[in-house]
Structures are given as C-alpha cells and as structure tokens.
Amino acid sequence: MNRRNFLKTTAATSAALTLSSAHSAVSAAPKESKPKIMVWAHAHTDFLGEDDKVMAEFEKIRESGIDIIFLFVHSHPDDNQAWYNASINGFVVQDRLSRTINFGKKAGVEIHPIIGGIKDIGLSEANRKKRSYVSGKPGGSSRDGRFCASWQTTRLSSLRIASDVINNHTISGFHLDYIRYIDTGMGIKWPCQCDACKQNYERFLGKKDIASFDLQNPGMLFHYLKVRNDNITDAVLQFKKLANQNNLKISMAARADYFGSALVEGQDWINWGHAGLFDYICPMNYTTDRDEHRDLLKMQLNLMDGKAGIYSGLGRKWSAGETKTDDMIRQADDALNMGAAGISIYHYHGLNDKDFAALKEFSKNI
C-alpha cells in the first residue's frame with residue numbers, strides 16, 4: 001500500500017499505517033561494539049571561553065570517555081533564540097554550533113544538536129495563542145500558553161528546524177527532546193481544550209468537550225491515548241525519514257516512567273524502539289536512589305527486549321536533585337552490568353574535575 005502524503009491525511013491515520021509497516025521495513029540499529037557515554041550540554045552556556053580554554057575542555061571530555069555531546073541549539077518552547085547558523089525567518093541567531101562542532105571534530109567527540117520536538121517560530125501572538133495548550137483547569141495552569149502537540153503545523157515546524165540545522169552544518173546525528181505532549185500530570189485530569197484537541201475528541205470520542213470523568217471509561221481512555229501517541233509517532237516518523245535521507249544517527253530523550261508519563265504524553269518510545277526508529281534511546285532515569293534507578297532500567301530493558309539500545313540517563317545535576325560523583329559512577333556501572341548499551345548524563349555544566357576523573361577511570365574498564 002502506498003503511503004499517502006502525510007499533509008493530506010490525519011496524523012493518527014498516517015502514524016498507524018506507517019509505524020505498522022516500520023516493524024518489517026526498518027531493522028534495529030546494529031549493536032555498538034563498545035558502550036557509549038553521552039552528555040547533554042547547552043550551546044548558550046557551555047563552551048564559550050577562549051579557544052585554548054575550550055580546546056582543553058574538549059580534550060578533558062575525550063579523555064573521560066565521553067563519545068557524544070547532545071547540544072541544545074535553539075530555545076524551547078517559547079522564545080525564538082537560535083544558537084546555530086539558522087536561516088529560518090523568526091529566529092534571533094547567534095551561531096555557537098559551528099565553533100563547537102569544530103572543537104568536537106578536533107577532539108574526536110561527536111556533536112549531535114538537540115531539536116525540541118514541539119516548537120514553532122515567527123508566529124503572531126494570536127496564532128501562538130491559538131496553537132497553545134489550554135488545560136481546562138479552573139484558574140488555568142502554568143502549562144497554558146505552551147504549544148500543544150495536537151497542531152500538525154507545530155509538529156512540522158520542529159522538523160523544519162532539524163532540516164535547517166542539517167542544511168547549514170555538517171553533523172553526524174541529532175537528538176530529539178520534548179517529543180511529546182507537555183501536560184505532565186494533567187493530561188487525564190484536565191484534558192486540553194485547544195481547538196485541535198477538540199477536533200480530535202469529536203472525531204474519535206464523539207464529542208468536542210471532554211473531562212476527566214469521560215476518561216474513566218476504558219474505551220474512551222484507550223482512544224484518547226491512541227490519538228495522542230499517533231500524533232507524536234507521526235512526527236517521529238518524519239524525523240526518522242529525514243535522518244535516513246541524510247545518513248544521520250537519531251536519538252531521543254525518553255520519559256523514564258513508560259506506563260505513566262510517557263504513554264499519557266504520547267511518547268510510545270518502547271514501540272518506536274521495536275520499530276527501529278532510533279539509534280540511541282536515552283530514558284531520563286534521574287534519581288539519587290540507586291535501587292530506583294535499577295528498577296526503572298530493569299523494566300525498560302525487559303520491555304525493549306534487545307530491539308534497540310538503551311542508554312540510561314543519569315542525573316548528575318537536574319531540576320529535581322543532584323547525584324554525587326561516586327553514586328553516579330555506581331549507577332553507570334549498574335547500567336552496563338544490567339545490559340544497557342551505555343549511559344547519558346545530564347548535564348555537562350554539572351560535571352566537575354572529580355566527575356571527569358571518575359568517568360575516565362570508569363571508561364577504561366568498559
């Protein structure tokens with residue numbers, strides 16, 4: 001069956017048709033011969049010093065065994081700042097990616113730009129508001145005003161940013177972040193009331209206005225979650241197609257709680273892994289509790305069943321906490337012993353000299 005142009009069909013139908021064929025058409029990425037160490041970094045705050053200082057940073061990074069840096073190169077979700085050589089109208093450009101790529105090349109470290117999954121730029125205030133999430137919560141929510149993933153044009157804008165990065169830089173891969181709905185903890189209690197969501201509700205649930213009590217019905221909840229996951233899957237398939245066309249690796253930051261936040265937010269990353277859509281999947285297993293990290297990773301590895309490499313995300317320093325150096329290394333060791341393909345650390349700015357020394361010693365033994 002020939003796939004129809006995804007611009008001329010619903011995202012749900014497109015995703016369902018194409019993902020089902022992807023299981024047979026796309027083979028899983030080949031297993032890496034050596035576990036990889038990855039780290040997230042920010043172009044607007046990291047690697048900004050004099051050339052000799054930055055080169056020394058990259059030499060330290062390489063010596064510590066870090067193979068790939070995932071680099072945020074545009075603001076997300078609301079501002080219009082680009083830290084790459086952007087040519088899209090609407091971005092305020094300050095290219096820091098070109099310089100970072102050059103240092104990475106000299107040091108032997110790959111730089112994979114991070115693309116925010118749900119994003120748009122250059123919109124009028126009215127259009128921005130129109131495409132924004134509306135929680136339906138009495139008095140509103142802090143999530144209101146951020147882009148809703150039900151708008152196909154907004155999902156495609158992120159694809160346009162990825163194409164723009166590829167056209168203006170020589171890279172070996174890119175990384176997807178926020179490839180999901182943004183209504184963490186509210187998606188079922190306070191279903192979004194934006195126009196695009198209401199159109200979905202009417203088509204698949206039979207009425208435009210739904211509330212939490214509607215989603216207590218198992219059938220309605222099933223279709224509600226399916227539409228959201230089909231919408232995000234549609235975007236993932238387009239990113240995968242772009243990566244294949246340009247011979248690039250593709251990776252993603254995944255919600256650690258697959259059955260909770262991930263599926264509620266439309267991020268069916270286990271299914272995507274089984275379909276061979278990603279080279280690296282990095283679940284954000286950020287916790288200071290070693291047992292919790294092992295429990296999360298065990299569940300993820302069991303569900304993935306070897307169909308795709310999982311690179312356990314370790315939180316050295318993040319919004320909800322901070323892991324000490326020795327504990328981070330213990331979690332890294334656990335990850336590889338349990339069968340993870342590698343580790344991904346959040347974030348570079350949280351690492352100190354003790355961390356780099358510990359990673360260097362750790363990497364010698366993997």
# chains A, B, ... in the order shown; residues from 1 in each chain; ligands from 1
>>> residues_around(residues="Thr287 in chain A", least_positions_apart="3", cutoff="8 Å", atoms="only C-alpha atoms", output="PyMOL selection string")
chain A and resi 290+292-293+314-315+321+323
>>> closest_atom_pairs(of="range 39-122 of chain A", to="range 158-180 of chain A", cutoff="10 Å", atoms="only C-alpha atoms", output="Markdown table")
| residue | atom | partner | partner_atom | distance |
| --- | --- | --- | --- | --- |
| A:Trp40 | CA | A:His175 | CA | 9.9 |
| A:Ile68 | CA | A:Gly173 | CA | 9.6 |
| A:Ile69 | CA | A:His175 | CA | 9.8 |
| A:Phe70 | CA | A:His175 | CA | 6.6 |
| A:Leu71 | CA | A:His175 | CA | 8.3 |
| A:Phe72 | CA | A:His175 | CA | 9.0 |
| A:Val73 | CA | A:Val165 | CA | 9.0 |
| A:His74 | CA | A:Ile161 | CA | 8.9 |
| A:His76 | CA | A:Tyr178 | CA | 8.9 |
| A:Pro77 | CA | A:Tyr178 | CA | 9.0 |
| A:Ala82 | CA | A:Ile161 | CA | 9.7 |
| A:Tyr84 | CA | A:Val165 | CA | 7.1 |
| A:Asn85 | CA | A:Asn168 | CA | 6.2 |
| A:Ala86 | CA | A:Asp164 | CA | 6.4 |
| A:Ser87 | CA | A:Asp164 | CA | 6.8 |
| A:Ile88 | CA | A:Asp164 | CA | 7.2 |
| A:Leu97 | CA | A:His169 | CA | 8.2 |
| A:Ser98 | CA | A:His169 | CA | 7.0 |
| A:Ile101 | CA | A:Ile171 | CA | 7.8 |
| A:Asn102 | CA | A:Thr170 | CA | 9.9 |
| A:Glu110 | CA | A:Ser172 | CA | 7.0 |
| A:Ile111 | CA | A:Ile171 | CA | 6.9 |
| A:His112 | CA | A:Phe174 | CA | 4.5 |
| A:Pro113 | CA | A:Phe174 | CA | 5.0 |
| A:Ile114 | CA | A:His175 | CA | 4.6 |
| A:Ile115 | CA | A:Leu176 | CA | 5.1 |
| A:Gly116 | CA | A:Asp177 | CA | 5.0 |
| A:Gly117 | CA | A:Ile179 | CA | 4.2 |
| A:Ile118 | CA | A:Ser158 | CA | 6.1 |
| A:Lys119 | CA | A:Ser158 | CA | 5.5 |
| A:Asp120 | CA | A:Ser158 | CA | 6.8 |
| A:Ile121 | CA | A:Ser158 | CA | 9.3 |
>>> select_by_dssp(residues="range 258-316 of chain A", states="alpha helix (DSSP H)", output="NGL selection string")
:A and (263-264 or 269-274 or 290-304)
>>> write_last_selection(atoms="C-alpha atoms", output="PDB file, in the first residue's frame")
ATOM      1  CA  LEU A 263       2.243   6.942  27.201  1.00  0.00           C
ATOM      2  CA  VAL A 264      -0.017   9.651  28.640  1.00  0.00           C
ATOM      3  CA  TRP A 269       9.175   5.016  22.870  1.00  0.00           C
ATOM      4  CA  ILE A 270       9.193   1.271  23.508  1.00  0.00           C
ATOM      5  CA  ASN A 271       7.137   0.727  20.353  1.00  0.00           C
ATOM      6  CA  TRP A 272       9.398   3.135  18.464  1.00  0.00           C
ATOM      7  CA  GLY A 273      12.429   1.154  19.608  1.00  0.00           C
ATOM      8  CA  HIS A 274      10.882  -2.113  18.446  1.00  0.00           C
ATOM      9  CA  ARG A 290      20.385   3.515  43.272  1.00  0.00           C
ATOM     10  CA  ASP A 291      17.628   0.929  43.726  1.00  0.00           C
ATOM     11  CA  GLU A 292      15.105   3.126  41.960  1.00  0.00           C
ATOM     12  CA  HIS A 293      17.482   3.523  39.030  1.00  0.00           C
ATOM     13  CA  ARG A 294      17.908  -0.235  38.779  1.00  0.00           C
ATOM     14  CA  ASP A 295      14.156  -0.847  38.971  1.00  0.00           C
ATOM     15  CA  LEU A 296      13.449   1.684  36.217  1.00  0.00           C
ATOM     16  CA  LEU A 297      16.149   0.321  33.947  1.00  0.00           C
ATOM     17  CA  LYS A 298      15.129  -3.301  34.524  1.00  0.00           C
ATOM     18  CA  MET A 299      11.591  -2.501  33.425  1.00  0.00           C
ATOM     19  CA  GLN A 300      12.819  -0.617  30.347  1.00  0.00           C
ATOM     20  CA  LEU A 301      15.243  -3.348  29.277  1.00  0.00           C
ATOM     21  CA  ASN A 302      12.597  -6.041  29.712  1.00  0.00           C
ATOM     22  CA  LEU A 303      10.112  -4.112  27.582  1.00  0.00           C
ATOM     23  CA  MET A 304      12.663  -3.299  24.870  1.00  0.00           C
TER      24      MET A 304
END
>>> closest_residue(among="A:Gly276, A:Gly306, A:Gly350, A:Gly219", to="Met338 in chain A", atoms="only C-alpha atoms")
A:Gly306
>>> atom_distance(atom1="CA of Tyr311 in chain A", atom2="CA of Leu277 in chain A")
15.0 Å
>>> select_by_dssp(residues="range 84-310 of chain A", states="strand (DSSP E)", output="PyMOL selection string")
chain A and resi 92-93+110-116+173-177+249-254+280-283
>>> atom_distance(atom1="CA of Ser212 in chain A", atom2="CA of Ile188 in chain A")
5.9 Å
>>> residues_around(residues="Pro138 in chain A", least_positions_apart="6", cutoff="12 Å", atoms="only C-alpha atoms", output="PyMOL selection string")
chain A and resi 144+189-190
>>> write_last_selection(atoms="N, CA and C atoms", output="compact mmCIF listing (two decimals), in the first residue's frame")
# COMPACT_ATOMS: atom_id res chain seq x y z
N ASP A 144 -0.42 26.27 30.41
CA ASP A 144 -1.18 27.02 29.42
C ASP A 144 -0.27 28.02 28.70
N LYS A 189 -6.42 14.29 33.96
CA LYS A 189 -7.26 15.03 34.90
C LYS A 189 -7.86 16.27 34.26
N TRP A 190 -7.05 16.97 33.44
CA TRP A 190 -7.52 18.20 32.80
C TRP A 190 -7.20 18.14 31.31
>>> residues_around(residues="range 325-331 of chain A", least_positions_apart="3", cutoff="12 Å", atoms="only C-alpha atoms", output="ChimeraX atom specification")
/A:37,285-297,311-317,322,334-338,340,342-347,350-363
>>> write_last_selection(atoms="C-alpha atoms", output="CSV table (one decimal), in the first residue's frame")
chain,number,residue,atom,x,y,z
A,37,ILE,CA,29.0,7.7,27.2
A,285,ASN,CA,16.3,7.8,34.8
A,286,TYR,CA,17.3,10.7,37.0
A,287,THR,CA,17.3,9.7,40.7
A,288,THR,CA,19.6,9.8,43.6
A,289,ASP,CA,18.3,6.3,44.7
A,290,ARG,CA,20.4,3.5,43.3
A,291,ASP,CA,17.6,0.9,43.7
A,292,GLU,CA,15.1,3.1,42.0
A,293,HIS,CA,17.5,3.5,39.0
A,294,ARG,CA,17.9,-0.2,38.8
A,295,ASP,CA,14.2,-0.8,39.0
A,296,LEU,CA,13.4,1.7,36.2
A,297,LEU,CA,16.1,0.3,33.9
A,311,TYR,CA,21.4,4.4,27.2
A,312,SER,CA,20.4,5.0,30.8
A,313,GLY,CA,20.1,8.7,31.6
A,314,LEU,CA,21.9,9.6,34.8
A,315,GLY,CA,21.1,12.9,36.6
A,316,ARG,CA,24.3,14.4,37.8
A,317,LYS,CA,22.5,17.7,38.4
A,322,GLU,CA,21.8,16.2,42.4
A,334,ASP,CA,24.8,-0.9,37.3
A,335,ALA,CA,23.5,0.2,33.9
A,336,LEU,CA,26.2,-1.6,31.9
A,337,ASN,CA,26.1,-4.7,34.1
A,338,MET,CA,22.3,-4.9,33.6
A,340,ALA,CA,22.3,-1.1,28.9
A,342,GLY,CA,25.7,2.9,27.5
A,343,ILE,CA,24.8,5.9,29.7
A,344,SER,CA,23.8,9.5,29.0
A,345,ILE,CA,24.5,12.2,31.7
A,346,TYR,CA,22.5,15.3,32.4
A,347,HIS,CA,24.2,17.7,32.2
A,350,GLY,CA,27.0,19.9,36.5
A,351,LEU,CA,30.2,17.9,36.0
A,352,ASN,CA,33.4,18.9,37.9
A,353,ASP,CA,37.0,17.7,37.8
A,354,LYS,CA,36.2,14.8,40.2
A,355,ASP,CA,33.5,13.7,37.8
A,356,PHE,CA,35.7,13.7,34.8
A,357,ALA,CA,38.4,11.8,36.6
A,358,ALA,CA,35.9,9.2,37.8
A,359,LEU,CA,34.5,8.9,34.3
A,360,LYS,CA,38.0,8.5,32.8
A,361,GLU,CA,38.6,5.6,35.2
A,362,PHE,CA,35.2,4.1,34.5
A,363,SER,CA,35.6,4.3,30.8
>>> atom_distance(atom1="CA of Lys105 in chain A", atom2="CA of Ser64 in chain A")
16.1 Å
>>> residues_around(residues="Tyr224 in chain A", least_positions_apart="5", cutoff="8 Å", atoms="only C-alpha atoms", output="PDB file with C-alpha atoms, in the first residue's frame")
ATOM      1  CA  TYR A 201     -12.121  14.458  20.612  1.00  0.00           C
ATOM      2  CA  PHE A 204     -12.513   9.807  17.904  1.00  0.00           C
ATOM      3  CA  LEU A 205     -14.606  10.216  21.074  1.00  0.00           C
ATOM      4  CA  LEU A 215     -11.667   9.249  30.567  1.00  0.00           C
TER       5      LEU A 215
END
>>> residues_around(residues="range 123-131 of chain A", least_positions_apart="2", cutoff="10 Å", atoms="only C-alpha atoms", output="list in words")
Asp78, Asn80, Gly90, Asp120, Ile121, Tyr133, Val134, Asp144, Gly145, Arg146, Phe147, Cys148, Ala149, Ser150, Trp151, Gln152, Thr153, Thr154, Cys194, Asp195, Ala196 and Cys197 of chain A
>>> closest_residue(among="A:Ala262, A:Ala256, A:Met186, A:Ala211", to="Lys198 in chain A", atoms="only C-alpha atoms")
A:Ala211
>>> closest_residue(among="A:Phe259, A:Phe278, A:Phe58, A:Phe222", to="Lys241 in chain A", atoms="only C-alpha atoms")
A:Phe278
>>> residues_around(residues="Gly260 in chain A", least_positions_apart="6", cutoff="12 Å", atoms="only C-alpha atoms", output="ChimeraX atom specification")
/A:184-188,225,266-268
